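Here the structure is laid out as structure tokens; the discussion comes afterwards.
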Amino acid sequence: MDFCYMPAHELHRRLAAREISAEELCRAVLERIETVGGKLGSFITVTGDLALEQARAVDKRIASGEEIPILAGIPVAVKDNMCTEGIRTTCGSRILHNFVPPYSAAVVEKILARGMVMVGKTNLDEFAMGSSNENSGFFPASNPWDVDRVPGGSSGGSAVAVAAGQAVVALGSDTGGSIRQPASLCGVVGMKPTYGAVSRYGLVAYASSLDQIGPISRDVTDCALMLNLIAGHDPRDSTSAPGDRPDYTAFLNREIKGLKVGVPKEYMGDGIDPGVRGVVNEALGVISSLGAEIGEASLPHSKYAIPAYYLIATAEASSNLARYDGVSYGYRAEDPGDVVDMYAKTRSRGFGTEVKRRIMLGTYALSAGYYDAYYLKALKVRTLIKRDFDRAFEKFDVLICPTSPTTAFRKGEKMDDPLQMYLSDITTISVNLAGIPGISVPAGFSGGLPVGMQIMGRPFAEGTVLQVAHAFEKNTGHHKKFPSL
Ligand code: GLN
């Protein structure tokens with residue numbers, strides 16, 4: 001029996017029934033990291049000893065007769081842009097290669113308090129900027145379905161870890177698609193919750209008005225369980241939404257009969273690979289056969305989403321990344337002259353090409369004389385995009401489209417053409433601009449590679465999104481296919 005490929009809710013049953021111990025499970029996962037890790041590049045830091053210690057602590061609780069809570073003893077991987085006290089947190093950047101945070105992110109506190117077993121920190125595009133993981137400052141990650149292809153990004157390492165049995169669930173962050181797009185390309189489930197649903201305390205900031213943390217998992221039930229654990233108000237994050245969150249698992253197993261599903265026409269046409277479109281159309285057929293009513297929706301300002309994002313996100317990044325100056329954090333140039341020279345050398349050597357490109361773009365967009373023409377204009381476009389969604393949700397309960405316009409592309413294919421790379425997020429980015437929840441679920445295969453379907457909902461309607469995702473999953477089974485490695 002391969003425990004590495006079981007979902008957390010199933011493993012929980014087996015842990016509680018003492019069919020397997022948390023330590024055995026942890027060892028199995030660490031062995032997968034060891035045997036296929038080199039080939040996949042999914043982890044920057046593996047915390048094996050600590051994980052075994054955490055697993056043994058759970059076994060002790062079980063042995064003492066305690067009924068452990070769900071997710072306790074389950075191996076989890078954390079994207080390396082979330083702070084872990086005493087454990088190196090690099091953000092995939094040379095500028096933070098030796099940074100050891102003095103505190104843990106809120107989500108990390110929560111997974112540890114639950115008794116989850118943290119097996120390591122996963123690879124990402126530097127500072128979460130990218131769609132292929134090739135922008136990692138250390139080494140690229142590979143797609144487990146075809147190692148010559150990218151896993152997507154920026155949470156590529158987290159998606160690979162779950163897809164390849166190197167963790168049962170993982171945490172990612174999503175600013176423009178970074179949870180959903182790699183989940184789609186690797187054949188796993190990934191959700192970006194509503195802006196403000198999950199605390200970002202301790203998440204290294206990229207673009208603060210867009211960043212959100214969310215789960216990557218093997219199935220929709222695990223996604224709901226992880227969301228139950230990490231969602232909630234946190235006074236330490238000023239953008240965290242007040243109030244209680246519902247029990248997301250209560251939405252699973254509910255019928256979707258009569259639910260209104262809109263398919264945005266802008267996300268099914270030009271630019272979407274015909275193979276991907278075919279899979280999503282077939283999936284829509286399943287959803288319709290379950291009694292949902294499907295209609296055409298329109299998000300007319302979608303074509304401006306990528307340009308607006310690359311002004312807003314870069315503007316925020318230029319400000320957020322100003323703190324890496326060689327004084328407070330991480331790397332400092334070895335041969336500094338005066339202080340200005342130290343800043344310049346530290347930042348030009350510490351940051352990679354894409355990060356520098358974005359800092360320059362963002363600084364330009366914010367500069368006097370261009371602010372109104374670029375940054376302010378982009379904010380106005382963002383409002384129009386948000387209104388498109390508001391209007392669509394007057395008619396529809398959820399919207400469905402492909403998560404990514406293509407399946408996993410070949411390594412190197414888009415590295416010389418940033419614009420082509422940016423287009424990878426054509427259907428995910430507007431979800432961040434609007435602040436709404438979106439999930440990617442495995443919907444089938446095209447040319448032997450996984451295709452993800454994105455389901456989007458009204459703000460804080462994660463429950464409805466999970467309801468549709470679960471109904472689809474139960475009536476298909478694409479999530480049960482695993483890459484052979
Ligand atoms: N791929 C997008 C970018 O490069 C989104 C990244 C993200 O969501 N962190 O910015």
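Naming works like this for the structure tokens: A, B, ... for the chains as they're shown, residue 1 at the start of each chain, ligands 1 onward in shown order.
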Near stretch 195-210 of chain A, counting only C-alpha atoms, which residues have an atom at most 9 Å away, once you skip same-chain residues fewer than 6 positions from it, shown as a CSV table (one decimal) with all heavy atoms, in the first residue's frame?
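Saved to around.csv:
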```csv
chain,number,residue,atom,x,y,z
A,81,ASN,N,8.4,30.9,1.2
A,81,ASN,CA,8.3,32.4,1.4
A,81,ASN,C,7.4,32.6,2.7
A,81,ASN,O,6.9,33.7,2.9
A,81,ASN,CB,7.7,33.1,0.2
A,81,ASN,CG,6.3,32.6,-0.2
A,81,ASN,OD1,5.8,31.6,0.4
A,81,ASN,ND2,5.6,33.3,-1.1
A,82,MET,N,7.2,31.6,3.5
A,82,MET,CA,6.5,31.7,4.7
A,82,MET,C,7.5,31.5,5.9
A,82,MET,O,8.2,30.5,5.9
A,82,MET,CB,5.4,30.7,4.8
A,82,MET,CG,4.3,30.9,3.7
A,82,MET,SD,3.0,29.7,3.7
A,82,MET,CE,2.7,29.7,1.9
A,83,CYS,N,7.5,32.4,6.8
A,83,CYS,CA,8.6,32.3,7.8
A,83,CYS,C,8.4,31.1,8.7
A,83,CYS,O,7.3,30.8,9.2
A,83,CYS,CB,8.5,33.6,8.7
A,83,CYS,SG,9.2,35.0,7.8
A,84,THR,N,9.5,30.5,9.0
A,84,THR,CA,9.5,29.4,9.9
A,84,THR,C,10.6,29.6,11.0
A,84,THR,O,11.8,29.7,10.6
A,84,THR,CB,9.8,28.1,9.2
A,84,THR,OG1,10.9,28.3,8.2
A,84,THR,CG2,8.6,27.5,8.5
A,91,CYS,N,12.8,32.4,0.2
A,91,CYS,CA,12.0,33.1,-0.8
A,91,CYS,C,12.6,32.7,-2.2
A,91,CYS,O,12.3,33.4,-3.2
A,91,CYS,CB,12.0,34.6,-0.7
A,91,CYS,SG,10.6,35.1,0.3
A,103,TYR,N,10.6,34.2,14.0
A,103,TYR,CA,9.2,33.9,14.3
A,103,TYR,C,8.6,33.1,13.1
A,103,TYR,O,9.2,33.1,12.0
A,103,TYR,CB,8.4,35.1,14.6
A,103,TYR,CG,8.1,36.0,13.4
A,103,TYR,CD1,6.9,35.9,12.7
A,103,TYR,CD2,9.1,36.8,12.8
A,103,TYR,CE1,6.6,36.7,11.6
A,103,TYR,CE2,8.9,37.5,11.7
A,103,TYR,CZ,7.6,37.5,11.1
A,103,TYR,OH,7.4,38.2,9.9
A,104,SER,N,7.5,32.5,13.4
A,104,SER,CA,6.8,31.7,12.3
A,104,SER,C,5.6,32.5,11.8
A,104,SER,O,4.9,33.2,12.6
A,104,SER,CB,6.3,30.4,12.9
A,104,SER,OG,7.4,29.5,13.0
A,105,ALA,N,5.2,32.2,10.6
A,105,ALA,CA,4.0,32.8,10.0
A,105,ALA,C,2.8,32.2,10.7
A,105,ALA,O,2.9,31.1,11.3
A,105,ALA,CB,3.9,32.4,8.5
A,106,ALA,N,1.7,33.0,10.7
A,106,ALA,CA,0.5,32.5,11.4
A,106,ALA,C,0.1,31.1,10.9
A,106,ALA,O,-0.3,30.3,11.7
A,106,ALA,CB,-0.6,33.5,11.1
A,107,VAL,N,0.1,30.9,9.6
A,107,VAL,CA,-0.3,29.6,9.1
A,107,VAL,C,0.6,28.5,9.5
A,107,VAL,O,0.2,27.3,9.8
A,107,VAL,CB,-0.4,29.6,7.5
A,107,VAL,CG1,-1.5,30.4,7.0
A,107,VAL,CG2,1.0,30.0,6.9
A,108,VAL,N,1.9,28.8,9.7
A,108,VAL,CA,2.9,27.8,10.2
A,108,VAL,C,2.6,27.5,11.7
A,108,VAL,O,2.6,26.3,12.1
A,108,VAL,CB,4.3,28.3,10.0
A,108,VAL,CG1,5.3,27.3,10.7
A,108,VAL,CG2,4.6,28.4,8.5
A,127,PHE,N,11.0,35.3,-4.9
A,127,PHE,CA,10.0,36.2,-4.3
A,127,PHE,C,8.6,36.0,-4.9
A,127,PHE,O,7.8,36.9,-5.0
A,127,PHE,CB,10.4,37.6,-4.5
A,127,PHE,CG,11.4,38.0,-3.4
A,127,PHE,CD1,12.8,38.1,-3.8
A,127,PHE,CD2,11.1,38.2,-2.1
A,127,PHE,CE1,13.7,38.4,-2.9
A,127,PHE,CE2,12.1,38.5,-1.2
A,127,PHE,CZ,13.4,38.6,-1.5
A,128,ALA,N,8.3,34.8,-5.4
A,128,ALA,CA,7.0,34.4,-6.0
A,128,ALA,C,6.7,35.1,-7.3
A,128,ALA,O,5.6,35.3,-7.7
A,128,ALA,CB,5.9,34.6,-4.9
A,129,MET,N,7.8,35.5,-8.0
A,129,MET,CA,7.6,36.1,-9.3
A,129,MET,C,7.9,35.2,-10.4
A,129,MET,O,9.1,35.0,-10.8
A,129,MET,CB,8.5,37.4,-9.4
A,129,MET,CG,8.2,38.4,-8.3
A,129,MET,SD,9.4,39.7,-8.4
A,129,MET,CE,8.9,40.7,-6.9
A,173,SER,N,1.3,30.3,-2.0
A,173,SER,CA,0.8,31.6,-1.9
A,173,SER,C,0.5,32.0,-3.4
A,173,SER,O,1.0,31.5,-4.3
A,173,SER,CB,1.8,32.6,-1.3
A,173,SER,OG,2.9,32.7,-2.2
A,174,ASP,N,-0.5,32.9,-3.5
A,174,ASP,CA,-1.1,33.2,-4.8
A,174,ASP,C,-1.3,34.7,-5.0
A,174,ASP,O,-2.1,35.2,-4.2
A,174,ASP,CB,-2.4,32.4,-5.0
A,174,ASP,CG,-3.0,32.4,-6.4
A,174,ASP,OD1,-3.1,33.5,-7.0
A,174,ASP,OD2,-3.4,31.3,-6.9
A,175,THR,N,-0.6,35.3,-5.9
A,175,THR,CA,-0.7,36.7,-6.1
A,175,THR,C,-1.4,37.0,-7.4
A,175,THR,O,-2.0,38.0,-7.6
A,175,THR,CB,0.7,37.4,-6.0
A,175,THR,OG1,1.3,37.0,-4.8
A,175,THR,CG2,0.7,38.9,-6.1
A,176,GLY,N,-1.1,36.1,-8.4
A,176,GLY,CA,-1.7,36.2,-9.7
A,176,GLY,C,-2.1,34.9,-10.3
A,176,GLY,O,-2.4,34.7,-11.4
A,227,LEU,N,-8.3,24.4,4.7
A,227,LEU,CA,-8.8,25.8,4.8
A,227,LEU,C,-9.5,26.0,6.1
A,227,LEU,O,-9.3,27.1,6.7
A,227,LEU,CB,-9.8,26.0,3.6
A,227,LEU,CG,-10.2,27.5,3.4
A,227,LEU,CD1,-9.0,28.3,3.0
A,227,LEU,CD2,-11.3,27.6,2.3
A,230,ILE,N,-6.5,26.9,8.4
A,230,ILE,CA,-5.7,28.1,8.2
A,230,ILE,C,-6.5,29.4,8.1
A,230,ILE,O,-6.0,30.5,8.4
A,230,ILE,CB,-4.7,28.0,7.0
A,230,ILE,CG1,-5.5,27.9,5.7
A,230,ILE,CG2,-3.7,26.9,7.2
A,230,ILE,CD1,-4.6,28.0,4.4
A,231,ALA,N,-7.8,29.3,7.8
A,231,ALA,CA,-8.6,30.5,7.6
A,231,ALA,C,-9.0,31.1,9.0
A,231,ALA,O,-9.0,30.3,10.0
A,231,ALA,CB,-9.9,30.2,6.8
A,232,GLY,N,-9.2,32.4,9.0
A,232,GLY,CA,-9.6,33.0,10.3
A,232,GLY,C,-9.0,34.3,10.5
A,232,GLY,O,-8.0,34.7,9.8
A,233,HIS,N,-9.7,35.1,11.3
A,233,HIS,CA,-9.2,36.5,11.6
A,233,HIS,C,-7.9,36.5,12.4
A,233,HIS,O,-7.7,35.6,13.2
A,233,HIS,CB,-10.2,37.3,12.3
A,233,HIS,CG,-9.8,38.6,12.7
A,233,HIS,ND1,-9.4,39.6,11.8
A,233,HIS,CD2,-9.5,39.2,13.9
A,233,HIS,CE1,-9.0,40.7,12.4
A,233,HIS,NE2,-9.1,40.5,13.7
A,234,ASP,N,-7.0,37.4,12.1
A,234,ASP,CA,-5.7,37.5,12.8
A,234,ASP,C,-5.4,39.0,12.9
A,234,ASP,O,-5.1,39.7,11.9
A,234,ASP,CB,-4.6,36.8,12.0
A,234,ASP,CG,-3.3,36.9,12.7
A,234,ASP,OD1,-3.2,37.5,13.8
A,234,ASP,OD2,-2.3,36.4,12.2
A,235,PRO,N,-5.4,39.6,14.1
A,235,PRO,CA,-5.2,41.0,14.3
A,235,PRO,C,-3.8,41.4,13.9
A,235,PRO,O,-3.5,42.6,13.7
A,235,PRO,CB,-5.4,41.2,15.8
A,235,PRO,CG,-5.4,39.8,16.4
A,235,PRO,CD,-5.7,38.9,15.4
A,236,ARG,N,-2.9,40.4,13.7
A,236,ARG,CA,-1.5,40.8,13.3
A,236,ARG,C,-1.4,41.1,11.8
A,236,ARG,O,-0.4,41.5,11.3
A,236,ARG,CB,-0.6,39.6,13.7
A,236,ARG,CG,-0.5,39.4,15.2
A,236,ARG,CD,0.3,38.2,15.5
A,236,ARG,NE,-0.3,37.0,14.9
A,236,ARG,CZ,0.1,35.7,15.1
A,236,ARG,NH1,1.3,35.5,15.7
A,236,ARG,NH2,-0.5,34.7,14.6
A,237,ASP,N,-2.5,40.8,11.0
A,237,ASP,CA,-2.5,41.1,9.6
A,237,ASP,C,-3.6,42.1,9.4
A,237,ASP,O,-4.8,41.7,9.6
A,237,ASP,CB,-2.7,39.8,8.8
A,237,ASP,CG,-3.0,40.1,7.3
A,237,ASP,OD1,-3.0,41.3,6.9
A,237,ASP,OD2,-3.2,39.1,6.5
A,238,SER,N,-3.3,43.3,9.1
A,238,SER,CA,-4.3,44.4,9.1
A,238,SER,C,-5.3,44.2,8.0
A,238,SER,O,-6.4,44.8,8.0
A,238,SER,CB,-3.7,45.8,9.0
A,238,SER,OG,-3.0,45.8,7.8
A,239,THR,N,-5.0,43.3,7.0
A,239,THR,CA,-6.0,43.1,5.9
A,239,THR,C,-6.8,41.8,6.2
A,239,THR,O,-7.6,41.4,5.3
A,239,THR,CB,-5.2,42.9,4.6
A,239,THR,OG1,-4.4,41.7,4.7
A,239,THR,CG2,-4.4,44.1,4.2
A,240,SER,N,-6.6,41.2,7.3
A,240,SER,CA,-7.4,40.0,7.6
A,240,SER,C,-8.8,40.4,7.9
A,240,SER,O,-9.1,41.3,8.7
A,240,SER,CB,-6.7,39.3,8.8
A,240,SER,OG,-7.6,38.5,9.5
A,241,ALA,N,-9.7,39.6,7.3
A,241,ALA,CA,-11.2,40.0,7.4
A,241,ALA,C,-11.6,39.5,8.8
A,241,ALA,O,-11.3,38.5,9.3
A,241,ALA,CB,-12.0,39.2,6.4
A,242,PRO,N,-12.5,40.4,9.4
A,242,PRO,CA,-13.0,40.0,10.8
A,242,PRO,C,-14.1,38.9,10.7
A,242,PRO,O,-14.5,38.6,9.6
A,242,PRO,CB,-13.6,41.3,11.3
A,242,PRO,CG,-14.0,42.1,10.0
A,242,PRO,CD,-13.0,41.7,9.0
A,245,ARG,N,-15.2,32.1,10.3
A,245,ARG,CA,-15.3,31.4,9.0
A,245,ARG,C,-16.2,30.2,9.2
A,245,ARG,O,-16.2,29.6,10.3
A,245,ARG,CB,-13.9,31.0,8.5
A,245,ARG,CG,-12.8,32.0,8.6
A,245,ARG,CD,-12.9,33.0,7.4
A,245,ARG,NE,-11.8,34.0,7.4
A,245,ARG,CZ,-11.8,35.2,8.0
A,245,ARG,NH1,-12.9,35.6,8.7
A,245,ARG,NH2,-10.8,36.0,8.0
A,312,ILE,N,0.3,47.1,-11.1
A,312,ILE,CA,0.0,47.2,-9.6
A,312,ILE,C,1.0,46.3,-8.8
A,312,ILE,O,1.6,46.7,-7.8
A,312,ILE,CB,-1.4,46.7,-9.4
A,312,ILE,CG1,-2.4,47.7,-10.0
A,312,ILE,CG2,-1.7,46.6,-7.9
A,312,ILE,CD1,-3.8,47.2,-10.1
A,313,ALA,N,1.2,45.0,-9.3
A,313,ALA,CA,2.0,44.1,-8.6
A,313,ALA,C,3.5,44.6,-8.5
A,313,ALA,O,4.2,44.5,-7.5
A,313,ALA,CB,2.0,42.7,-9.2
A,314,THR,N,4.0,45.1,-9.7
A,314,THR,CA,5.4,45.6,-9.7
A,314,THR,C,5.6,46.8,-8.8
A,314,THR,O,6.6,47.0,-8.2
A,314,THR,CB,5.9,45.8,-11.1
A,314,THR,OG1,5.0,46.8,-11.7
A,314,THR,CG2,5.9,44.6,-11.9
A,315,ALA,N,4.5,47.7,-8.8
A,315,ALA,CA,4.6,48.9,-8.0
A,315,ALA,C,4.7,48.5,-6.5
A,315,ALA,O,5.6,49.0,-5.8
A,315,ALA,CB,3.4,49.8,-8.2
A,316,GLU,N,3.9,47.6,-6.1
A,316,GLU,CA,3.9,47.1,-4.7
A,316,GLU,C,5.2,46.4,-4.4
A,316,GLU,O,5.8,46.5,-3.3
A,316,GLU,CB,2.7,46.2,-4.4
A,316,GLU,CG,1.4,47.0,-4.5
A,316,GLU,CD,0.2,46.2,-4.2
A,316,GLU,OE1,0.3,45.1,-3.7
A,316,GLU,OE2,-0.9,46.7,-4.5
A,317,ALA,N,5.7,45.6,-5.4
A,317,ALA,CA,6.9,44.9,-5.2
A,317,ALA,C,8.1,45.8,-5.0
A,317,ALA,O,9.0,45.6,-4.2
A,317,ALA,CB,7.2,43.9,-6.3
A,318,SER,N,8.1,46.9,-5.8
A,318,SER,CA,9.3,47.8,-5.7
A,318,SER,C,9.4,48.4,-4.3
A,318,SER,O,10.5,48.6,-3.8
A,318,SER,CB,9.2,48.9,-6.8
A,318,SER,OG,8.2,49.9,-6.4
A,319,SER,N,8.2,48.6,-3.7
A,319,SER,CA,8.2,49.1,-2.4
A,319,SER,C,8.5,48.0,-1.3
A,319,SER,O,9.4,48.2,-0.5
A,319,SER,CB,6.8,49.8,-2.1
A,319,SER,OG,6.6,49.9,-0.8
A,320,ASN,N,7.9,46.9,-1.5
A,320,ASN,CA,8.1,45.8,-0.5
A,320,ASN,C,9.6,45.3,-0.5
A,320,ASN,O,10.1,44.9,0.5
A,320,ASN,CB,7.2,44.6,-0.9
A,320,ASN,CG,5.8,44.7,-0.2
A,320,ASN,OD1,5.7,45.3,0.9
A,320,ASN,ND2,4.8,44.2,-0.9
A,321,LEU,N,10.2,45.3,-1.7
A,321,LEU,CA,11.5,44.7,-1.8
A,321,LEU,C,12.6,45.8,-1.5
A,321,LEU,O,13.8,45.4,-1.5
A,321,LEU,CB,11.8,44.1,-3.1
A,321,LEU,CG,11.4,42.6,-3.2
A,321,LEU,CD1,9.9,42.4,-2.9
A,321,LEU,CD2,11.7,42.0,-4.5
A,432,ASN,N,-7.3,37.5,-8.6
A,432,ASN,CA,-6.6,38.3,-7.5
A,432,ASN,C,-7.0,39.7,-7.5
A,432,ASN,O,-7.1,40.4,-6.5
A,432,ASN,CB,-5.1,38.1,-7.7
A,432,ASN,CG,-4.7,36.7,-7.7
A,432,ASN,OD1,-4.9,35.9,-8.6
A,432,ASN,ND2,-4.0,36.3,-6.6
A,433,LEU,N,-7.1,40.3,-8.8
A,433,LEU,CA,-7.4,41.7,-8.8
A,433,LEU,C,-8.8,42.0,-8.2
A,433,LEU,O,-9.0,43.0,-7.6
A,433,LEU,CB,-7.4,42.2,-10.3
A,433,LEU,CG,-6.0,42.3,-11.0
A,433,LEU,CD1,-6.1,42.4,-12.5
A,433,LEU,CD2,-5.2,43.4,-10.3
A,434,ALA,N,-9.7,41.0,-8.4
A,434,ALA,CA,-11.1,41.2,-7.8
A,434,ALA,C,-11.1,40.7,-6.3
A,434,ALA,O,-12.1,41.0,-5.7
A,434,ALA,CB,-12.1,40.4,-8.6
A,435,GLY,N,-10.1,40.0,-5.9
A,435,GLY,CA,-10.1,39.5,-4.5
A,435,GLY,C,-11.0,38.4,-4.2
A,435,GLY,O,-11.2,38.0,-3.0
A,436,ILE,N,-11.5,37.7,-5.2
A,436,ILE,CA,-12.4,36.6,-5.0
A,436,ILE,C,-11.7,35.2,-4.8
A,436,ILE,O,-10.6,35.1,-5.1
A,436,ILE,CB,-13.5,36.5,-6.1
A,436,ILE,CG1,-12.8,36.3,-7.5
A,436,ILE,CG2,-14.3,37.8,-6.2
A,436,ILE,CD1,-13.7,36.0,-8.6
A,437,PRO,N,-12.5,34.2,-4.4
A,437,PRO,CA,-11.8,32.9,-4.3
A,437,PRO,C,-11.8,32.1,-5.6
A,437,PRO,O,-12.8,32.3,-6.4
A,437,PRO,CB,-12.7,32.1,-3.2
A,437,PRO,CG,-14.1,32.8,-3.4
A,437,PRO,CD,-13.8,34.2,-3.8
A,459,PRO,N,-17.0,36.8,-3.2
A,459,PRO,CA,-16.2,36.9,-2.0
A,459,PRO,C,-16.7,36.1,-0.8
A,459,PRO,O,-17.9,36.1,-0.5
A,459,PRO,CB,-16.2,38.4,-1.7
A,459,PRO,CG,-16.6,39.1,-3.0
A,459,PRO,CD,-17.5,38.1,-3.7
A,460,PHE,N,-15.8,35.4,-0.2
A,460,PHE,CA,-16.1,34.6,1.0
A,460,PHE,C,-17.1,33.4,0.7
A,460,PHE,O,-17.6,32.8,1.6
A,460,PHE,CB,-16.5,35.4,2.2
A,460,PHE,CG,-15.5,36.4,2.6
A,460,PHE,CD1,-15.5,37.7,2.3
A,460,PHE,CD2,-14.4,35.9,3.4
A,460,PHE,CE1,-14.4,38.5,2.7
A,460,PHE,CE2,-13.3,36.7,3.7
A,460,PHE,CZ,-13.4,38.1,3.4
```
For stretch 51-110 of chain A versus stretch 344-367 of chain A, which residues have an atom no more than 10 Å away, and what is each residue's nearest atom pair and distance in Å rounded to one decimal, using only C-alpha atoms, chain-then-number order, as a tab-separated table?
```
residue	atom	partner	partner_atom	distance
A:Gly92	CA	A:Gly352	CA	9.8
A:Ser93	CA	A:Phe351	CA	6.6
A:Arg94	CA	A:Gly350	CA	5.2
A:Ile95	CA	A:Gly350	CA	4.2
A:Leu96	CA	A:Gly350	CA	8.0
A:His97	CA	A:Gly350	CA	9.1
```
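Using only C-alpha atoms, the smallest distance between any of A:Lys121, A:Lys260, A:Arg18, A:Arg323 and A:Gly41 comes from A:Lys121.
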**OP:** Within 7 Å of stretch 300-303 of chain A, counting only C-alpha atoms, which residues show up once you throw out same-chain ones fewer than 4 positions away? Write them as a list of chain:residue names, please.
**Re:** A:Leu384, A:Ile385, A:Asp388, A:Ser430
Original post:
Leaving out stretch 463-465 of chain A and any residue of its chain fewer than 4 positions from it, which residues lie within 7 Å of it when counting only C-alpha atoms, given as a list of chain:residue names?
Top reply: A:Tyr248, A:Phe251, A:Val398, A:Ile455, A:Met456, A:Gly457, A:Ala469
Once you have the residues from the selection above, write them out as a compact mmCIF listing (two decimals), in the first residue's frame, restricted to N, CA and C atoms.
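The resulting file, again-v1.txt, is reproduced below:
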```
# COMPACT_ATOMS: atom_id res chain seq x y z
N TYR A 248 -15.91 24.59 6.31
CA TYR A 248 -15.94 24.39 4.86
C TYR A 248 -16.30 22.96 4.47
N PHE A 251 -19.85 21.94 3.22
CA PHE A 251 -20.32 22.16 1.84
C PHE A 251 -20.04 20.96 0.94
N VAL A 398 -21.34 30.45 -9.49
CA VAL A 398 -19.90 30.28 -9.70
C VAL A 398 -19.58 30.51 -11.18
N ILE A 455 -12.67 27.07 -10.74
CA ILE A 455 -14.01 27.45 -10.29
C ILE A 455 -13.86 28.68 -9.41
N MET A 456 -14.58 29.74 -9.76
CA MET A 456 -14.47 31.01 -9.02
C MET A 456 -15.80 31.32 -8.36
N GLY A 457 -15.73 31.99 -7.20
CA GLY A 457 -16.97 32.30 -6.49
C GLY A 457 -17.02 33.73 -5.99
N ALA A 469 -16.67 21.93 -6.72
CA ALA A 469 -15.43 21.17 -6.96
C ALA A 469 -15.59 19.73 -6.49
```
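In this structure, atom CA of A:Ala392 sits 19.3 Å away from atom CA of A:Lys192.
Atom CA of A:Tyr422 is found 14.9 Å from atom CA of A:Thr407.
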Original post:
Which of stretch 120-237 of chain A counts as alpha helix (DSSP H) under DSSP, as an MDAnalysis selection string please?
Top reply: chainID A and resid 156:163 180:186 220:230
